[in-house]
>>> print(open('start30.cif').read())   # mmCIF, C-alpha atoms
data_run
#
loop_
_atom_site.label_atom_id
_atom_site.label_comp_id
_atom_site.auth_asym_id
_atom_site.auth_seq_id
_atom_site.Cartn_x
_atom_site.Cartn_y
_atom_site.Cartn_z
CA MET D 1 34.86 -188.36 -85.23
CA ASN D 2 35.31 -185.97 -88.13
CA GLU D 3 38.35 -183.75 -88.67
CA ARG D 4 36.60 -180.57 -87.51
CA SER D 5 35.66 -181.93 -84.11
CA THR D 6 39.01 -183.63 -83.46
CA HIS D 7 40.83 -180.47 -82.41
CA ALA D 8 38.09 -177.87 -82.03
CA ALA D 9 37.07 -178.99 -78.54
CA PRO D 10 40.60 -178.93 -77.08
CA VAL D 11 41.29 -175.54 -78.71
CA GLY D 12 38.11 -174.07 -77.22
CA LEU D 13 38.81 -175.56 -73.80
CA LEU D 14 42.36 -174.22 -73.79
CA TRP D 15 41.12 -170.71 -74.62
CA LEU D 16 38.70 -171.03 -71.68
CA ALA D 17 41.58 -172.25 -69.50
CA LEU D 18 43.47 -169.06 -70.36
CA VAL D 19 40.44 -166.96 -69.37
CA LEU D 20 40.18 -168.87 -66.10
CA GLY D 21 43.90 -168.37 -65.49
CA MET D 22 43.58 -164.62 -65.99
CA ILE D 23 40.58 -164.46 -63.64
CA LEU D 24 42.55 -166.37 -61.01
CA HIS D 25 45.53 -164.08 -61.58
CA PHE D 26 43.38 -161.07 -60.75
CA ASN D 27 41.90 -162.83 -57.72
CA TYR D 28 45.39 -163.69 -56.48
CA ASP D 29 46.29 -160.00 -56.77
CA VAL D 30 43.35 -158.80 -54.70
CA SER D 31 43.59 -161.62 -52.14
CA GLY D 32 46.37 -159.70 -50.41
CA LEU D 33 43.78 -157.16 -49.30
CA ARG D 34 42.74 -159.57 -46.55
CA TYR D 35 46.23 -159.25 -45.09
CA GLY D 36 46.51 -155.49 -45.43
CA VAL D 37 48.66 -155.56 -48.55
CA PRO D 38 48.14 -152.24 -50.40
CA PHE D 39 46.44 -152.82 -53.71
CA GLU D 40 46.18 -149.31 -55.06
CA ALA D 41 48.45 -148.40 -57.97
CA ALA D 42 51.14 -145.89 -57.08
CA ASP D 43 49.83 -143.36 -59.60
CA ALA D 44 46.11 -143.91 -58.81
CA LYS D 45 43.97 -140.82 -59.36
CA GLY D 46 40.56 -142.17 -58.36
CA SER D 47 39.44 -143.20 -61.83
CA VAL D 48 39.93 -146.33 -63.89
CA PRO D 49 42.14 -145.67 -66.93
CA TRP D 50 41.00 -146.57 -70.43
CA SER D 51 43.92 -149.01 -70.69
CA ASN D 52 42.23 -151.13 -68.01
CA PHE D 53 39.26 -151.64 -70.32
CA VAL D 54 41.55 -152.57 -73.20
CA VAL D 55 43.52 -155.08 -71.10
CA LYS D 56 40.30 -156.72 -69.87
CA CYS D 57 38.98 -156.99 -73.42
CA VAL D 58 42.24 -158.47 -74.71
CA PHE D 59 42.82 -160.98 -71.91
CA TYR D 60 39.24 -161.88 -70.94
CA VAL D 61 36.82 -161.13 -73.75
CA VAL D 62 38.92 -162.03 -76.82
CA PRO D 63 39.91 -165.52 -75.57
CA PHE D 64 36.33 -166.12 -74.44
CA LEU D 65 35.03 -165.19 -77.89
CA LEU D 66 37.69 -167.37 -79.54
CA ALA D 67 36.49 -170.32 -77.45
CA VAL D 68 32.91 -169.63 -78.55
CA ALA D 69 33.91 -169.16 -82.20
CA THR D 70 35.80 -172.44 -82.13
CA THR D 71 32.52 -174.29 -81.54
CA GLY D 72 31.13 -172.92 -84.82
CA ALA D 73 32.26 -173.80 -88.28
CA PRO D 74 35.73 -172.27 -88.37
CA GLY D 75 37.46 -172.71 -91.68
CA ARG D 76 41.15 -172.56 -92.49
CA ALA D 77 41.27 -168.73 -92.22
CA TYR D 78 39.92 -168.89 -88.66
CA ARG D 79 42.45 -171.59 -87.77
CA ILE D 80 45.28 -169.36 -88.99
CA VAL D 81 43.98 -166.40 -86.95
CA ASN D 82 43.56 -168.73 -83.95
CA LEU D 83 47.17 -169.92 -84.22
CA VAL D 84 48.54 -166.37 -84.61
CA LEU D 85 46.57 -165.16 -81.58
CA ALA D 86 47.66 -168.20 -79.56
CA GLY D 87 51.27 -167.25 -80.36
CA LEU D 88 50.71 -163.63 -79.35
CA PHE D 89 49.05 -164.70 -76.11
CA THR D 90 51.98 -166.99 -75.36
CA LEU D 91 54.44 -164.13 -75.88
CA ALA D 92 52.35 -161.95 -73.56
CA ASN D 93 52.26 -164.75 -70.97
CA ILE D 94 56.04 -165.18 -71.12
CA SER D 95 56.55 -161.45 -70.68
CA HIS D 96 54.08 -161.25 -67.82
CA LEU D 97 55.63 -164.22 -66.01
CA ILE D 98 59.10 -162.68 -66.28
CA THR D 99 57.99 -159.22 -65.11
CA THR D 100 56.05 -160.75 -62.20
CA ALA D 101 59.05 -162.83 -61.16
CA ARG D 102 61.39 -159.83 -61.39
CA ARG D 103 59.13 -157.33 -59.63
CA ALA D 104 61.57 -155.29 -57.56
CA ASP D 105 59.06 -153.21 -55.60
CA ASP D 106 57.44 -156.17 -53.86
CA THR D 107 58.26 -159.55 -52.42
CA ILE D 108 57.86 -162.37 -54.91
CA ASP D 109 54.37 -163.83 -54.89
CA TYR D 110 55.12 -167.51 -55.44
CA ALA D 111 51.43 -168.33 -55.93
CA GLN D 112 51.37 -165.93 -58.89
CA ILE D 113 54.55 -167.45 -60.32
CA VAL D 114 53.08 -170.96 -60.12
CA LEU D 115 49.76 -169.81 -61.61
CA LEU D 116 51.38 -167.82 -64.43
CA THR D 117 53.63 -170.79 -65.21
CA ALA D 118 50.51 -172.99 -65.48
CA VAL D 119 48.91 -170.39 -67.76
CA LEU D 120 52.05 -170.40 -69.90
CA ILE D 121 51.93 -174.20 -70.14
CA ALA D 122 48.29 -173.97 -71.26
CA SER D 123 49.31 -171.34 -73.80
CA VAL D 124 52.06 -173.53 -75.25
CA GLN D 125 49.63 -176.46 -75.38
CA LEU D 126 47.15 -174.22 -77.21
CA ILE D 127 49.79 -173.51 -79.86
CA ARG D 128 50.58 -177.21 -80.23
CA VAL D 129 46.93 -178.24 -80.63
CA SER D 130 46.18 -175.25 -82.88
CA ARG D 131 49.07 -176.20 -85.18
CA SER D 132 47.69 -179.74 -85.48
CA TRP D 133 44.22 -178.35 -86.15
CA LEU D 134 45.59 -176.11 -88.91
CA ARG D 135 47.61 -178.96 -90.44
CA ASP D 136 44.48 -181.14 -90.46
CA SER D 137 42.60 -178.47 -92.42
CA ALA D 138 45.33 -178.53 -95.08
CA LYS D 139 44.78 -182.28 -95.54
CA ALA D 140 41.03 -181.92 -95.99
#
>>> encode(input="start30.cif", output="structure tokens")
Amino acid sequence: MNERSTHAAPVGLLWLALVLGMILHFNYDVSGLRYGVPFEAADAKGSVPWSNFVVKCVFYVVPFLLAVATTGAPGRAYRIVNLVLAGLFTLANISHLITTARRADDTIDYAQIVLLTAVLIASVQLIRVSRSWLRDSAKA
């Protein structure tokens, strides 16, 4: 197996795992509707804010595109960008896990805590594999 394929597949799969985790996170949120848990935001005005589009692009589309790009011929510059974005996603995941666990307005949703912890573990693993992938490119 050549150097390029050694880490590219795990990096791509981990990005897809993050997308799947975010999709599940949303599904966990709306699953409370079956039990009569209010889902509407407190400041809802009947329209979807622009920030919702941005969040979906950042946490669904960007990781999906990174997974796709990883299957191509990413050079060292891409691997650096990949590692930086993996770090930023991990910081966002840490923040989100903490804010979800400390949510004062609601009872703690343990399913979300477990899921977000799993997403954080995948994020940390993505950093680890991405670092190895970048180091391998320096040797080539």
>>> closest_residue(input="start30.cif", among="D:Gln125, D:Val84, D:Arg76, D:Phe26", to="Lys139 in chain D", atoms="all atoms listed in the file")
D:Arg76
>>> closest_residue(input="start30.cif", among="D:Leu13, D:Leu91, D:Val30, D:Leu120", to="Thr70 in chain D", atoms="only C-alpha atoms")
D:Leu13
>>> closest_residue(input="start30.cif", among="D:Val114, D:Met22, D:Leu16, D:Ala42", to="Val55 in chain D", atoms="all atoms listed in the file")
D:Met22
>>> closest_residue(input="start30.cif", among="D:Val19, D:Ile108, D:Ala138, D:Leu116", to="Val61 in chain D", atoms="all atoms listed in the file")
D:Val19
>>> atom_distance(input="start30.cif", atom1="CA of Ile94 in chain D", atom2="CA of Ser123 in chain D")
9.5 Å
>>> closest_residue(input="start30.cif", among="D:Leu83, D:Ala77, D:Ala111, D:Cys57", to="Val11 in chain D", atoms="only C-alpha atoms")
D:Leu83
>>> resolve_selection(input="start30.cif", expression="the PyMOL selection byres ((chain D and resi 117) around 12)", output="VMD selection string")
chain D and resid 18 21 to 22 25 90 93 to 98 100 to 101 110 to 116 118 to 124
>>> write_last_selection(input="start30.cif", atoms="C-alpha atoms", output="PDB file, in the frame of the given file")
ATOM      1  CA  LEU D  18      43.470-169.060 -70.360  1.00  0.00           C
ATOM      2  CA  GLY D  21      43.900-168.370 -65.490  1.00  0.00           C
ATOM      3  CA  MET D  22      43.580-164.620 -65.990  1.00  0.00           C
ATOM      4  CA  HIS D  25      45.530-164.080 -61.580  1.00  0.00           C
ATOM      5  CA  THR D  90      51.980-166.990 -75.360  1.00  0.00           C
ATOM      6  CA  ASN D  93      52.260-164.750 -70.970  1.00  0.00           C
ATOM      7  CA  ILE D  94      56.040-165.180 -71.120  1.00  0.00           C
ATOM      8  CA  SER D  95      56.550-161.450 -70.680  1.00  0.00           C
ATOM      9  CA  HIS D  96      54.080-161.250 -67.820  1.00  0.00           C
ATOM     10  CA  LEU D  97      55.630-164.220 -66.010  1.00  0.00           C
ATOM     11  CA  ILE D  98      59.100-162.680 -66.280  1.00  0.00           C
ATOM     12  CA  THR D 100      56.050-160.750 -62.200  1.00  0.00           C
ATOM     13  CA  ALA D 101      59.050-162.830 -61.160  1.00  0.00           C
ATOM     14  CA  TYR D 110      55.120-167.510 -55.440  1.00  0.00           C
ATOM     15  CA  ALA D 111      51.430-168.330 -55.930  1.00  0.00           C
ATOM     16  CA  GLN D 112      51.370-165.930 -58.890  1.00  0.00           C
ATOM     17  CA  ILE D 113      54.550-167.450 -60.320  1.00  0.00           C
ATOM     18  CA  VAL D 114      53.080-170.960 -60.120  1.00  0.00           C
ATOM     19  CA  LEU D 115      49.760-169.810 -61.610  1.00  0.00           C
ATOM     20  CA  LEU D 116      51.380-167.820 -64.430  1.00  0.00           C
ATOM     21  CA  ALA D 118      50.510-172.990 -65.480  1.00  0.00           C
ATOM     22  CA  VAL D 119      48.910-170.390 -67.760  1.00  0.00           C
ATOM     23  CA  LEU D 120      52.050-170.400 -69.900  1.00  0.00           C
ATOM     24  CA  ILE D 121      51.930-174.200 -70.140  1.00  0.00           C
ATOM     25  CA  ALA D 122      48.290-173.970 -71.260  1.00  0.00           C
ATOM     26  CA  SER D 123      49.310-171.340 -73.800  1.00  0.00           C
ATOM     27  CA  VAL D 124      52.060-173.530 -75.250  1.00  0.00           C
TER      28      VAL D 124
END
>>> closest_residue(input="start30.cif", among="D:Thr107, D:Pro10, D:Trp15, D:Asp29", to="Leu85 in chain D", atoms="only C-alpha atoms")
D:Trp15
>>> axis_aligned_box(input="start30.cif", around="range 31-42 of chain D", padding_each_side="3 Å", output="AutoDock Vina command-line options")
--center_x 46.9 --center_y -153.8 --center_z -51.5 --size_x 14.4 --size_y 21.7 --size_z 18.9
>>> atom_distance(input="start30.cif", atom1="CA of Trp133 in chain D", atom2="CA of His7 in chain D")
5.5 Å
>>> resolve_selection(input="start30.cif", expression="the PyMOL selection byres ((chain D and resi 134) around 12)", output="compact mmCIF listing (two decimals) with C-alpha atoms, in the coordinates of the input")
# COMPACT_ATOMS: atom_id res chain seq x y z
CA GLU D 3 38.35 -183.75 -88.67
CA ARG D 4 36.60 -180.57 -87.51
CA THR D 6 39.01 -183.63 -83.46
CA HIS D 7 40.83 -180.47 -82.41
CA ALA D 8 38.09 -177.87 -82.03
CA VAL D 11 41.29 -175.54 -78.71
CA PRO D 74 35.73 -172.27 -88.37
CA GLY D 75 37.46 -172.71 -91.68
CA ARG D 76 41.15 -172.56 -92.49
CA ALA D 77 41.27 -168.73 -92.22
CA TYR D 78 39.92 -168.89 -88.66
CA ARG D 79 42.45 -171.59 -87.77
CA ILE D 80 45.28 -169.36 -88.99
CA VAL D 81 43.98 -166.40 -86.95
CA ASN D 82 43.56 -168.73 -83.95
CA LEU D 83 47.17 -169.92 -84.22
CA VAL D 84 48.54 -166.37 -84.61
CA LEU D 126 47.15 -174.22 -77.21
CA ILE D 127 49.79 -173.51 -79.86
CA ARG D 128 50.58 -177.21 -80.23
CA VAL D 129 46.93 -178.24 -80.63
CA SER D 130 46.18 -175.25 -82.88
CA ARG D 131 49.07 -176.20 -85.18
CA SER D 132 47.69 -179.74 -85.48
CA TRP D 133 44.22 -178.35 -86.15
CA ARG D 135 47.61 -178.96 -90.44
CA ASP D 136 44.48 -181.14 -90.46
CA SER D 137 42.60 -178.47 -92.42
CA ALA D 138 45.33 -178.53 -95.08
CA LYS D 139 44.78 -182.28 -95.54
CA ALA D 140 41.03 -181.92 -95.99
>>> atom_distance(input="start30.cif", atom1="CA of Phe89 in chain D", atom2="CA of Pro63 in chain D")
9.2 Å
>>> resolve_selection(input="start30.cif", expression="the PyMOL selection byres ((chain D and resi 71) around 9)", output="PyMOL selection string")
chain D and resi 5+8-9+12+66-70+72-74
>>> build_atoms(input="start30.cif", residues="range 67-101 of chain D", atoms="N, CA and C atoms", output="compact mmCIF listing (two decimals), in the frame of the given file")
# COMPACT_ATOMS: atom_id res chain seq x y z
N ALA D 67 37.01 -169.02 -77.88
CA ALA D 67 36.49 -170.32 -77.45
C ALA D 67 35.09 -170.55 -78.04
N VAL D 68 34.26 -169.52 -78.00
CA VAL D 68 32.91 -169.63 -78.55
C VAL D 68 32.97 -169.83 -80.06
N ALA D 69 33.80 -169.06 -80.74
CA ALA D 69 33.91 -169.16 -82.20
C ALA D 69 34.41 -170.53 -82.63
N THR D 70 35.24 -171.13 -81.80
CA THR D 70 35.80 -172.44 -82.13
C THR D 70 34.72 -173.51 -82.20
N THR D 71 33.61 -173.30 -81.51
CA THR D 71 32.52 -174.29 -81.54
C THR D 71 31.71 -174.20 -82.82
N GLY D 72 31.87 -173.10 -83.57
CA GLY D 72 31.13 -172.92 -84.82
C GLY D 72 31.74 -173.71 -85.94
N ALA D 73 31.73 -173.13 -87.09
CA ALA D 73 32.26 -173.80 -88.28
C ALA D 73 33.51 -173.08 -88.77
N PRO D 74 34.54 -173.02 -87.94
CA PRO D 74 35.73 -172.27 -88.37
C PRO D 74 36.46 -172.96 -89.52
N GLY D 75 36.70 -172.21 -90.55
CA GLY D 75 37.46 -172.71 -91.68
C GLY D 75 38.94 -172.48 -91.49
N ARG D 76 39.68 -172.67 -92.53
CA ARG D 76 41.15 -172.56 -92.49
C ARG D 76 41.59 -171.14 -92.07
N ALA D 77 40.90 -170.11 -92.57
CA ALA D 77 41.27 -168.73 -92.22
C ALA D 77 41.15 -168.52 -90.71
N TYR D 78 40.07 -169.02 -90.11
CA TYR D 78 39.92 -168.89 -88.66
C TYR D 78 41.03 -169.64 -87.93
N ARG D 79 41.40 -170.79 -88.43
CA ARG D 79 42.45 -171.59 -87.77
C ARG D 79 43.80 -170.87 -87.81
N ILE D 80 44.04 -170.15 -88.89
CA ILE D 80 45.28 -169.36 -88.99
C ILE D 80 45.25 -168.22 -87.96
N VAL D 81 44.14 -167.50 -87.92
CA VAL D 81 43.98 -166.40 -86.95
C VAL D 81 44.11 -166.95 -85.53
N ASN D 82 43.48 -168.08 -85.26
CA ASN D 82 43.56 -168.73 -83.95
C ASN D 82 45.01 -169.02 -83.57
N LEU D 83 45.77 -169.58 -84.50
CA LEU D 83 47.17 -169.92 -84.22
C LEU D 83 48.01 -168.66 -83.98
N VAL D 84 47.80 -167.63 -84.78
CA VAL D 84 48.54 -166.37 -84.61
C VAL D 84 48.22 -165.76 -83.24
N LEU D 85 46.95 -165.72 -82.89
CA LEU D 85 46.57 -165.16 -81.58
C LEU D 85 47.09 -166.01 -80.43
N ALA D 86 47.10 -167.32 -80.60
CA ALA D 86 47.66 -168.20 -79.56
C ALA D 86 49.15 -167.88 -79.36
N GLY D 87 49.86 -167.62 -80.46
CA GLY D 87 51.27 -167.25 -80.36
C GLY D 87 51.46 -165.92 -79.66
N LEU D 88 50.62 -164.94 -80.00
CA LEU D 88 50.71 -163.63 -79.35
C LEU D 88 50.39 -163.72 -77.86
N PHE D 89 49.38 -164.52 -77.51
CA PHE D 89 49.05 -164.70 -76.11
C PHE D 89 50.20 -165.38 -75.36
N THR D 90 50.86 -166.32 -76.00
CA THR D 90 51.98 -166.99 -75.36
C THR D 90 53.12 -166.00 -75.12
N LEU D 91 53.40 -165.15 -76.08
CA LEU D 91 54.44 -164.13 -75.88
C LEU D 91 54.06 -163.19 -74.72
N ALA D 92 52.80 -162.80 -74.67
CA ALA D 92 52.35 -161.95 -73.56
C ALA D 92 52.48 -162.68 -72.23
N ASN D 93 52.15 -163.97 -72.21
CA ASN D 93 52.26 -164.75 -70.97
C ASN D 93 53.72 -164.89 -70.52
N ILE D 94 54.62 -165.09 -71.46
CA ILE D 94 56.04 -165.18 -71.12
C ILE D 94 56.51 -163.86 -70.51
N SER D 95 56.16 -162.77 -71.17
CA SER D 95 56.55 -161.45 -70.68
C SER D 95 55.99 -161.18 -69.29
N HIS D 96 54.73 -161.52 -69.10
CA HIS D 96 54.08 -161.25 -67.82
C HIS D 96 54.69 -162.10 -66.70
N LEU D 97 54.99 -163.35 -67.00
CA LEU D 97 55.63 -164.22 -66.01
C LEU D 97 56.99 -163.66 -65.61
N ILE D 98 57.77 -163.23 -66.57
CA ILE D 98 59.10 -162.68 -66.28
C ILE D 98 58.99 -161.40 -65.46
N THR D 99 58.11 -160.49 -65.85
CA THR D 99 57.99 -159.22 -65.11
C THR D 99 57.45 -159.46 -63.69
N THR D 100 56.57 -160.43 -63.54
CA THR D 100 56.05 -160.75 -62.20
C THR D 100 57.16 -161.34 -61.34
N ALA D 101 57.96 -162.20 -61.90
CA ALA D 101 59.05 -162.83 -61.16
C ALA D 101 60.15 -161.83 -60.80
